[in-house]
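What follows is the content of entry14.cif, which has mmCIF, C-alpha atoms and all ligand atoms:
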```cif
data_run
loop_
_atom_site.label_atom_id
_atom_site.label_comp_id
_atom_site.auth_asym_id
_atom_site.auth_seq_id
_atom_site.Cartn_x
_atom_site.Cartn_y
_atom_site.Cartn_z
CA MET A 1 -22.66 6.90 -10.44
CA GLY A 2 -22.74 3.76 -8.24
CA VAL A 3 -23.16 1.41 -11.20
CA TYR A 4 -20.56 3.35 -13.07
CA SER A 5 -17.93 3.08 -10.36
CA TRP A 6 -18.78 -0.63 -9.98
CA LEU A 7 -18.11 -1.10 -13.71
CA LEU A 8 -14.81 0.76 -13.53
CA ALA A 9 -13.63 -1.30 -10.57
CA LYS A 10 -14.78 -4.54 -12.19
CA GLY A 11 -13.11 -3.84 -15.54
CA TYR A 12 -9.96 -2.05 -14.38
CA ASP A 13 -7.48 -4.95 -14.18
CA LEU A 14 -8.67 -6.42 -17.46
CA ALA A 15 -8.58 -3.04 -19.25
CA MET A 16 -5.03 -2.42 -18.06
CA TYR A 17 -3.74 -5.98 -18.58
CA LYS A 18 -1.76 -5.44 -21.80
CA THR A 19 -0.29 -2.12 -20.63
CA GLU A 20 0.71 -3.73 -17.34
CA GLN A 21 2.44 -6.56 -19.19
CA ARG A 22 4.13 -4.28 -21.72
CA CYS A 23 5.45 -1.56 -19.39
CA LEU A 24 3.62 -0.68 -16.18
CA GLN A 25 4.63 -3.73 -14.12
CA LYS A 26 8.29 -3.10 -14.85
CA TRP A 27 8.01 0.60 -14.02
CA ARG A 28 6.10 -0.14 -10.82
CA SER A 29 8.64 -2.67 -9.60
CA GLU A 30 11.62 -0.40 -10.33
CA LEU A 31 9.97 2.56 -8.61
CA LEU A 32 8.63 0.75 -5.57
CA LEU A 33 11.98 -0.84 -4.76
CA ARG A 34 12.74 2.59 -3.28
CA ALA A 35 9.90 2.38 -0.76
CA THR A 36 10.95 2.55 2.88
CA GLY A 37 9.61 3.07 6.40
CA GLU A 38 6.00 4.09 7.01
CA LEU A 39 4.28 4.09 3.63
CA LEU A 40 0.99 5.57 2.47
CA GLU A 41 -0.41 4.78 -0.95
CA ILE A 42 -3.14 7.11 -2.24
CA GLY A 43 -5.80 5.86 -4.67
CA ALA A 44 -4.59 2.28 -4.27
CA GLY A 45 -7.29 1.03 -6.65
CA THR A 46 -7.45 -2.75 -7.02
CA GLY A 47 -4.04 -3.20 -5.37
CA VAL A 48 -1.81 -3.54 -8.43
CA ASN A 49 1.18 -2.19 -6.53
CA LEU A 50 0.98 -4.76 -3.74
CA PRO A 51 3.26 -7.41 -5.28
CA HIS A 52 5.98 -4.77 -5.77
CA TYR A 53 6.37 -3.55 -2.20
CA PRO A 54 9.52 -4.60 -0.37
CA ALA A 55 9.00 -6.81 2.68
CA HIS A 56 10.91 -4.53 5.05
CA LEU A 57 8.35 -1.70 5.26
CA LYS A 58 7.52 -0.54 8.77
CA ARG A 59 3.86 0.00 8.02
CA LEU A 60 1.71 0.01 4.89
CA THR A 61 -1.45 2.13 4.68
CA LEU A 62 -3.58 1.93 1.54
CA SER A 63 -6.18 4.61 1.00
CA GLU A 64 -8.89 4.29 -1.63
CA PRO A 65 -12.07 6.39 -1.56
CA ASP A 66 -14.04 4.33 -4.09
CA ARG A 67 -16.06 1.60 -2.36
CA HIS A 68 -15.94 -0.83 -5.27
CA MET A 69 -12.20 -0.44 -5.79
CA ARG A 70 -11.74 -0.91 -2.03
CA LEU A 71 -13.65 -4.19 -2.12
CA LYS A 72 -11.34 -5.50 -4.86
CA LEU A 73 -8.35 -4.32 -2.86
CA GLN A 74 -9.57 -6.15 0.24
CA LYS A 75 -10.07 -9.34 -1.77
CA LYS A 76 -6.55 -9.15 -3.19
CA LEU A 77 -5.07 -8.57 0.24
CA SER A 78 -6.68 -11.65 1.66
CA THR A 79 -4.92 -13.79 -0.94
CA GLU A 80 -1.48 -12.35 -1.48
CA GLN A 81 -0.18 -10.23 1.34
CA GLN A 82 2.50 -11.32 3.74
CA TYR A 83 2.06 -8.45 6.20
CA PRO A 84 -1.24 -6.86 7.16
CA PRO A 85 -1.73 -3.38 5.72
CA ARG A 86 -4.27 -0.88 6.92
CA ILE A 87 -7.00 0.13 4.45
CA ALA A 88 -8.67 3.54 4.65
CA ALA A 89 -11.34 5.33 2.62
CA TRP A 90 -9.65 8.73 2.64
CA SER A 91 -9.59 10.98 -0.40
CA ALA A 92 -6.09 12.19 -1.15
CA GLU A 93 -7.20 15.77 -0.54
CA GLN A 94 -7.84 14.96 3.13
CA ILE A 95 -5.89 12.20 4.82
CA GLU A 96 -6.49 11.50 8.48
CA LEU A 97 -2.88 11.07 9.51
CA PRO A 98 -0.73 13.46 11.57
CA ASP A 99 1.71 15.97 10.10
CA ARG A 100 5.15 14.55 9.24
CA SER A 101 4.16 10.96 9.98
CA VAL A 102 5.00 9.26 6.67
CA ASP A 103 8.34 8.33 5.05
CA THR A 104 7.08 7.31 1.61
CA ILE A 105 3.94 8.25 -0.29
CA VAL A 106 3.04 6.37 -3.46
CA SER A 107 0.83 7.77 -6.20
CA THR A 108 0.47 5.77 -9.40
CA LEU A 109 -2.04 7.00 -11.98
CA VAL A 110 -3.90 8.95 -9.29
CA LEU A 111 -2.82 12.60 -9.54
CA CYS A 112 -4.65 12.65 -12.88
CA SER A 113 -7.91 11.74 -11.14
CA VAL A 114 -8.03 13.62 -7.84
CA ASN A 115 -10.56 16.47 -7.76
CA ASP A 116 -8.06 19.04 -6.53
CA GLN A 117 -4.47 18.30 -7.46
CA GLN A 118 -3.04 21.33 -5.70
CA GLN A 119 -4.82 20.51 -2.42
CA THR A 120 -3.71 16.87 -2.72
CA LEU A 121 -0.06 17.81 -3.11
CA LYS A 122 -0.33 20.23 -0.20
CA GLU A 123 -1.70 17.38 1.88
CA LEU A 124 1.09 15.01 0.79
CA TYR A 125 3.66 17.65 1.72
CA ARG A 126 2.06 18.00 5.16
CA LEU A 127 2.21 14.25 5.75
CA LEU A 128 5.80 13.66 4.71
CA ARG A 129 8.58 13.73 7.27
CA PRO A 130 11.53 15.96 6.36
CA GLY A 131 13.61 13.82 3.99
CA GLY A 132 10.49 11.80 3.07
CA GLN A 133 9.71 10.90 -0.54
CA LEU A 134 6.85 10.84 -3.00
CA LEU A 135 7.16 8.00 -5.51
CA PHE A 136 5.03 8.85 -8.52
CA LEU A 137 4.01 7.36 -11.85
CA GLU A 138 1.50 9.50 -13.72
CA HIS A 139 0.27 10.23 -17.22
CA VAL A 140 0.48 13.92 -18.07
CA ILE A 141 -0.12 16.59 -20.69
CA ALA A 142 1.57 15.82 -24.03
CA ARG A 143 4.53 17.79 -25.43
CA ASP A 144 3.22 17.96 -28.97
CA PRO A 145 0.72 20.86 -29.45
CA ASP A 146 -1.50 18.85 -31.81
CA THR A 147 -1.90 16.12 -29.20
CA VAL A 148 -2.57 18.75 -26.51
CA ARG A 149 -5.38 20.12 -28.65
CA TRP A 150 -6.89 16.64 -28.84
CA GLN A 151 -6.42 16.15 -25.12
CA LYS A 152 -8.33 19.38 -24.46
CA ARG A 153 -11.12 18.38 -26.83
CA CYS A 154 -11.48 14.89 -25.36
CA GLU A 155 -11.01 15.78 -21.69
CA PRO A 156 -14.66 16.55 -20.76
CA PHE A 157 -15.89 13.27 -22.21
CA TRP A 158 -12.86 11.24 -21.07
CA SER A 159 -13.06 12.43 -17.48
CA CYS A 160 -16.76 11.45 -17.34
CA CYS A 161 -16.01 7.93 -18.57
CA SER A 162 -12.79 7.29 -16.65
CA GLY A 163 -13.45 8.23 -13.05
CA ASN A 164 -12.52 11.91 -13.36
CA CYS A 165 -9.20 11.23 -15.11
CA ARG A 166 -7.77 14.49 -16.57
CA LEU A 167 -5.56 14.51 -19.64
CA THR A 168 -3.87 17.89 -19.47
CA ARG A 169 -2.28 18.09 -16.04
CA ASP A 170 1.32 19.25 -15.71
CA THR A 171 1.92 17.02 -12.72
CA ALA A 172 5.70 17.48 -12.48
CA GLY A 173 5.18 21.26 -12.35
CA ALA A 174 2.50 20.86 -9.69
CA ILE A 175 4.73 18.60 -7.55
CA GLU A 176 7.46 21.23 -7.57
CA ALA A 177 4.99 24.05 -6.96
CA ALA A 178 3.90 22.20 -3.80
CA GLY A 179 7.47 22.46 -2.44
CA LEU A 180 8.74 18.96 -3.20
CA GLN A 181 12.05 18.62 -5.00
CA ILE A 182 12.10 16.24 -7.93
CA GLU A 183 15.35 14.31 -7.73
CA ARG A 184 14.61 11.60 -10.30
CA LEU A 185 12.41 11.95 -13.34
CA THR A 186 11.92 9.52 -16.22
CA GLU A 187 9.64 10.15 -19.15
CA ASP A 188 8.25 7.32 -21.23
CA ASP A 189 5.37 6.57 -23.52
CA MET A 190 2.88 4.12 -22.09
CA SER A 191 2.08 1.31 -24.51
CA PRO A 192 -0.38 0.14 -25.63
CA ALA A 193 -2.41 3.28 -24.82
CA PRO A 194 -4.35 5.91 -26.76
CA THR A 195 -2.13 8.84 -27.80
CA ILE A 196 -3.98 11.18 -25.44
CA ILE A 197 -2.75 9.27 -22.36
CA LYS A 198 0.59 8.00 -23.66
CA ARG A 199 3.04 10.43 -22.09
CA THR A 200 4.02 9.40 -18.55
CA ILE A 201 6.42 10.61 -15.91
CA ARG A 202 7.75 8.63 -12.99
CA GLY A 203 10.25 9.33 -10.29
CA VAL A 204 11.07 10.52 -6.82
CA ALA A 205 10.22 13.89 -5.26
CA ARG A 206 11.58 14.73 -1.82
CA LYS A 207 10.58 16.99 1.04
CA THR A 208 13.96 18.45 1.78
CA SER A 209 13.23 20.18 5.11
C1 LIG B 301 -6.55 5.00 -12.69
S1 LIG B 301 -6.90 4.42 -11.09
C2 LIG B 301 -5.27 3.98 -10.50
C3 LIG B 301 -5.29 2.86 -9.52
C4 LIG B 301 -3.92 2.42 -9.02
N1 LIG B 301 -3.28 3.43 -8.25
C5 LIG B 301 -3.01 2.01 -10.17
O1 LIG B 301 -1.83 2.36 -10.15
O2 LIG B 301 -3.45 1.28 -11.08
C6 LIG B 301 -7.23 5.91 -10.20
C7 LIG B 301 -7.55 5.66 -8.75
O3 LIG B 301 -7.61 6.93 -8.06
C8 LIG B 301 -8.70 6.88 -7.18
N2 LIG B 301 -9.12 8.26 -6.87
C9 LIG B 301 -9.94 9.07 -7.57
N3 LIG B 301 -10.11 10.24 -6.94
C10 LIG B 301 -9.37 10.16 -5.82
C11 LIG B 301 -9.13 11.06 -4.74
N4 LIG B 301 -9.67 12.27 -4.71
N5 LIG B 301 -8.32 10.65 -3.74
C12 LIG B 301 -7.74 9.42 -3.78
N6 LIG B 301 -7.93 8.53 -4.77
C13 LIG B 301 -8.73 8.90 -5.77
C14 LIG B 301 -9.74 6.08 -7.91
O4 LIG B 301 -10.75 5.60 -7.04
C15 LIG B 301 -8.90 4.99 -8.52
O5 LIG B 301 -8.74 3.91 -7.65
#
```

Could you take the file, read its structure, and then write that structure out as structure tokens?
Ligand SMILES: C[S@@+](CC[C@H](N)C(=O)[O-])C[C@H]1O[C@@H](n2cnc3c(N)ncnc32)[C@H](O)[C@@H]1O
Amino acid sequence: MGVYSWLLAKGYDLAMYKTEQRCLQKWRSELLLRATGELLEIGAGTGVNLPHYPAHLKRLTLSEPDRHMRLKLQKKLSTEQQYPPRIAAWSAEQIELPDRSVDTIVSTLVLCSVNDQQQTLKELYRLLRPGGQLLFLEHVIARDPDTVRWQKRCEPFWSCCSGNCRLTRDTAGAIEAAGLQIERLTEDDMSPAPTIIKRTIRGVARKTS
């Protein structure tokens, strides 16, 4: 498991390079322009979102439970950050911050990988101030039934090889079920990417009260 997570952390930026160039960087920068106030990013990984955060944030907290990813994140921070963020090892299911203490939560390609998506979204709801926002970019279950069948077939193997990444989550439905209101939603195919992880959603969900 240790060697495995080391390999994932080591290879992540390289494995994602073409997809970042082709679409993800653009989507990240458009989405993260909306970030304000006290911000928490869950599953911050190697820190790919860092260059896209606006300079006017009040506070930036990056949580990443994987030790090897966290080391890469720390390295990146020492070279390219203009304001000092806080780094924590929290899992998204249990964040050690007070209720209603966060204005913006960022989750990019993380709600596919958390162990318990429902518990994670409950936790994010708890943390957000009324009026606060979740900025999300996630790959989700396909629309086409043939692709869904393949996703179901591949999921056990895929999740073992990709840090628990699930292929068949209806993340938009889960966000709404947790009580957040989706006020912006864009669907796009990620490219280049295998068909089973192509369909993505991104947008803004708000805690209205
Ligand atoms: C596919 S990577 C995405 C990394 C980064 N957010 C990005 O946009 O490229 C998934 C990340 O979620 C993290 N992760 C997995 N389970 C998690 C959990 N329960 N809570 C928080 N993060 C988790 C992994 O360690 C990994 O860094």

### Query
Given a cut-off of 7 Å, what residues near ligand LIG 301 (chain B) show up using all atoms listed in the file, put as number ranges by chain?
A: 42-49, 63-66, 69, 90-93, 107-110, 113-115, 163-164

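When all atoms listed in the file are used to measure the gap to A:Ser5, the shortest distance among A:Arg67, A:His139, A:Arg28, A:Lys58 belongs to A:Arg67.
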
### Which of A:Arg22, A:Leu50, A:Arg59, A:Glu183 sits closest to A:Ser78 [using all atoms listed in the file]
A:Leu50

With the cut-off set at 10 Å and counting all atoms listed in the file, tabulate each residue of stretch 43-115 of chain A with an atom at most that distance from an atom of stretch 125-128 of chain A, showing the nearest atom pair and its distance in Å to one decimal, ordered by chain and increasing number, as CSV.
```
residue,atom,partner,partner_atom,distance
A:Ile95,CA,A:Leu127,CA,8.4
A:Glu96,CA,A:Leu127,CA,9.5
A:Leu97,CA,A:Leu127,CA,7.1
A:Pro98,CA,A:Leu127,CA,6.6
A:Asp99,CA,A:Leu127,CA,4.7
A:Arg100,CA,A:Leu127,CA,4.6
A:Ser101,CA,A:Leu127,CA,5.7
A:Val102,CA,A:Leu128,CA,4.9
A:Asp103,CA,A:Leu128,CA,5.9
A:Thr104,CA,A:Leu128,CA,7.2
A:Ile105,CA,A:Leu128,CA,7.6
```

### Message
What does the structure give for the distance between atom CA of A:Arg199 and atom CA of A:Ile141, in Å to one decimal?
### Response
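For atom CA of A:Arg199 relative to atom CA of A:Ile141, the distance reads 7.1 Å.
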
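For the atom pair formed by atom CA of A:Thr186 and atom CA of A:Glu138, the distance is 10.7 Å, given to one decimal.
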
### Task
For each of A:His56, A:Arg169, A:Arg184, A:Lys198, take the minimum atom-to-atom distance to A:Asp116, counting all atoms listed in the file, then give the residue where this is smallest.
A:Arg169

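In this comparison, which uses only C-alpha atoms, the residue of A:Glu155, A:Glu187, A:Asp170, A:Glu41 approaching A:Gln117 most closely is A:Asp170.
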
### Atom-to-atom span, atom CA of A:Leu121 and atom CA of A:Val204, Å
13.8 Å

### Task
Check the smallest atom-to-atom distance from each of A:Ala9, A:Met190, A:Lys207, A:Ile196 to A:Arg149 using all atoms listed in the file, then report the winner.
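Using all atoms listed in the file, A:Arg149 sits closest to A:Ile196.
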
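Within 12 Å of the point (-9.4, -1.9, 6.3) in file coordinates, and counting only C-alpha atoms, lie the residues Leu60, Thr61, Leu62, Ser63, Glu64, Pro65, Arg67, Arg70, Leu71, Lys72, Leu73, Gln74, Lys75, Leu77, Ser78, Pro84, Pro85, Arg86, Ile87, Ala88, Ala89 and Trp90 of chain A.
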
### Task
Can you work out which one of A:Pro156, A:Thr208, A:Leu57, A:Thr120 has the shortest atom-to-atom distance to A:Thr36, counting only C-alpha atoms?
A:Leu57

### Message
Need the shell around A:Thr171: protein/DNA/RNA residues with any atom at most 10 Å away, counting all atoms listed in the file. Skip same-chain ones fewer than 2 positions apart. Format as number ranges by chain?
### Response
A: 111-112, 117-118, 121, 136-141, 168-169, 173-177, 200-201
